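Undergrad: Here you go, one structure.
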Amino acid sequence: MRKVCIALFSLFFFVSLAGCQSKAEEPLEFSGETQSWSAAITLYPIENSKETAQINLNYLGDKIESVGDFGINLDTSNNQNGIAVRDTRLDKEGKFKEKVKLDASEGIMKSKHLILTVKWNDKSEDIVLKVK
């Protein structure tokens with residue numbers, strides 16, 4: 001009887017330990033391209049109710065200096081606004097890289113695609129970013 005109790009207690013203890021362990025989530029990667037831009041966004045796991053998003057945006061045109069100040073908006077496939085960046089500039093290679101914190105939402109984590117809108121010089125393009 002004592003062996004049965006020890007076995008049951010051991011089994012219960014093992015199951016409770018295994019149930020309490022949580023597997024770290026893998027980052028979600030999205031990418032897409034238009035005639036003027038290519039973009040990749042990586043969403044890193046939630047920390048303190050915030051996600052970190054790494055935004056990589058590349059201008060595909062010839063005249064980088066013609067872009068000037070630009071802004072971006074990131075929306076989920078559920079039309080939830082996630083990120084907005086205003087009045088920023090490309091580096092000399094035509095790239096923009098930025099890590100931003102955003103409020104964690106199931107809308108972003110369950111999106112099949114994201115929509116990144118780039119606005120510059122009275123122009124606007126929507127880049128549909130799909131999960132890699």
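Order determines the names: the first chain of the structure tokens is A, the second B, and so forth; residues in each chain are numbered 1 upward, and ligands are numbered 1 upward as they are shown.
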Counting only C-alpha atoms, what is within 7 Å of Phe96 in chain A, bar same-chain residues fewer than 3 positions away, as a ChimeraX atom specification?

TA: /A:56-58,90-91

Undergrad: Write out as a count of residues only all residues of range 60-91 of chain A that backbone DSSP assigns to strand (DSSP E).

TA: 15

Undergrad: Might you pull out every residue within 7 Å of Asp126 in chain A, with only C-alpha atoms counted and same-chain residues fewer than 3 positions away left off, and present them as a PyMOL selection string?

TA: chain A and resi 115-118

Undergrad: So that I have them on file, write out the residues from the current selection with all heavy atoms, as a PDB file, in the first residue's frame.

TA:
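For reference, result_5.pdb as written:
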ATOM      1  N   ILE A 115      -0.657  44.412 -42.517  1.00  0.00           N
ATOM      2  CA  ILE A 115      -0.621  45.412 -43.582  1.00  0.00           C
ATOM      3  C   ILE A 115       0.214  46.586 -43.094  1.00  0.00           C
ATOM      4  O   ILE A 115      -0.131  47.235 -42.106  1.00  0.00           O
ATOM      5  CB  ILE A 115      -2.034  45.878 -43.967  1.00  0.00           C
ATOM      6  CG1 ILE A 115      -2.850  44.679 -44.450  1.00  0.00           C
ATOM      7  CG2 ILE A 115      -1.959  46.970 -45.039  1.00  0.00           C
ATOM      8  CD1 ILE A 115      -4.316  44.936 -44.584  1.00  0.00           C
ATOM      9  N   LEU A 116       1.324  46.823 -43.781  1.00  0.00           N
ATOM     10  CA  LEU A 116       2.204  47.934 -43.452  1.00  0.00           C
ATOM     11  C   LEU A 116       1.984  49.015 -44.508  1.00  0.00           C
ATOM     12  O   LEU A 116       2.198  48.783 -45.698  1.00  0.00           O
ATOM     13  CB  LEU A 116       3.670  47.484 -43.462  1.00  0.00           C
ATOM     14  CG  LEU A 116       4.680  48.531 -43.057  1.00  0.00           C
ATOM     15  CD1 LEU A 116       4.558  48.837 -41.563  1.00  0.00           C
ATOM     16  CD2 LEU A 116       6.087  48.072 -43.369  1.00  0.00           C
ATOM     17  N   THR A 117       1.508  50.174 -44.069  1.00  0.00           N
ATOM     18  CA  THR A 117       1.275  51.292 -44.971  1.00  0.00           C
ATOM     19  C   THR A 117       2.435  52.274 -44.837  1.00  0.00           C
ATOM     20  O   THR A 117       2.747  52.706 -43.733  1.00  0.00           O
ATOM     21  CB  THR A 117      -0.050  52.005 -44.642  1.00  0.00           C
ATOM     22  OG1 THR A 117      -1.109  51.049 -44.715  1.00  0.00           O
ATOM     23  CG2 THR A 117      -0.322  53.145 -45.612  1.00  0.00           C
ATOM     24  N   VAL A 118       3.068  52.580 -45.964  1.00  0.00           N
ATOM     25  CA  VAL A 118       4.179  53.534 -45.990  1.00  0.00           C
ATOM     26  C   VAL A 118       3.688  54.787 -46.697  1.00  0.00           C
ATOM     27  O   VAL A 118       3.139  54.709 -47.800  1.00  0.00           O
ATOM     28  CB  VAL A 118       5.411  52.961 -46.728  1.00  0.00           C
ATOM     29  CG1 VAL A 118       6.574  53.933 -46.674  1.00  0.00           C
ATOM     30  CG2 VAL A 118       5.805  51.611 -46.172  1.00  0.00           C
TER      31      VAL A 118
END

Undergrad: Go ahead and compute the interatomic distance for CA of Glu51 in chain A and CA of Lys92 in chain A, in Å to one decimal.

TA: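 Between CA of Glu51 in chain A and CA of Lys92 in chain A the gap is 28.7 Å.
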
Undergrad: Need the shell around Ser38 in chain A: protein/DNA/RNA residues with any atom at most 10 Å away, counting only C-alpha atoms. Skip same-chain ones fewer than 4 positions apart. Format as a PyMOL selection string?

TA: chain A and resi 31-34+56-60+95+127-129

Undergrad: Write a file of the selected residues as a CSV table (one decimal), in the first residue's frame, keeping C-alpha atoms.

TA:
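That gives us selection30.csv:
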chain,number,residue,atom,x,y,z
A,31,SER,CA,7.5,39.7,-45.0
A,32,GLY,CA,6.2,41.3,-48.2
A,33,GLU,CA,7.1,43.6,-51.1
A,34,THR,CA,5.7,46.2,-53.4
A,56,ASN,CA,13.1,46.2,-41.4
A,57,LEU,CA,12.0,48.4,-44.3
A,58,ASN,CA,14.0,48.8,-47.6
A,59,TYR,CA,13.4,51.4,-50.3
A,60,LEU,CA,13.7,49.7,-53.7
A,95,LYS,CA,17.0,51.1,-45.1
A,127,ILE,CA,2.6,46.2,-48.2
A,128,VAL,CA,0.8,42.9,-47.4
A,129,LEU,CA,3.1,41.0,-45.0

Undergrad: Between CA of Arg89 in chain A and CA of Ile55 in chain A, measure the distance and give it in Å to one decimal.

TA: 13.6 Å
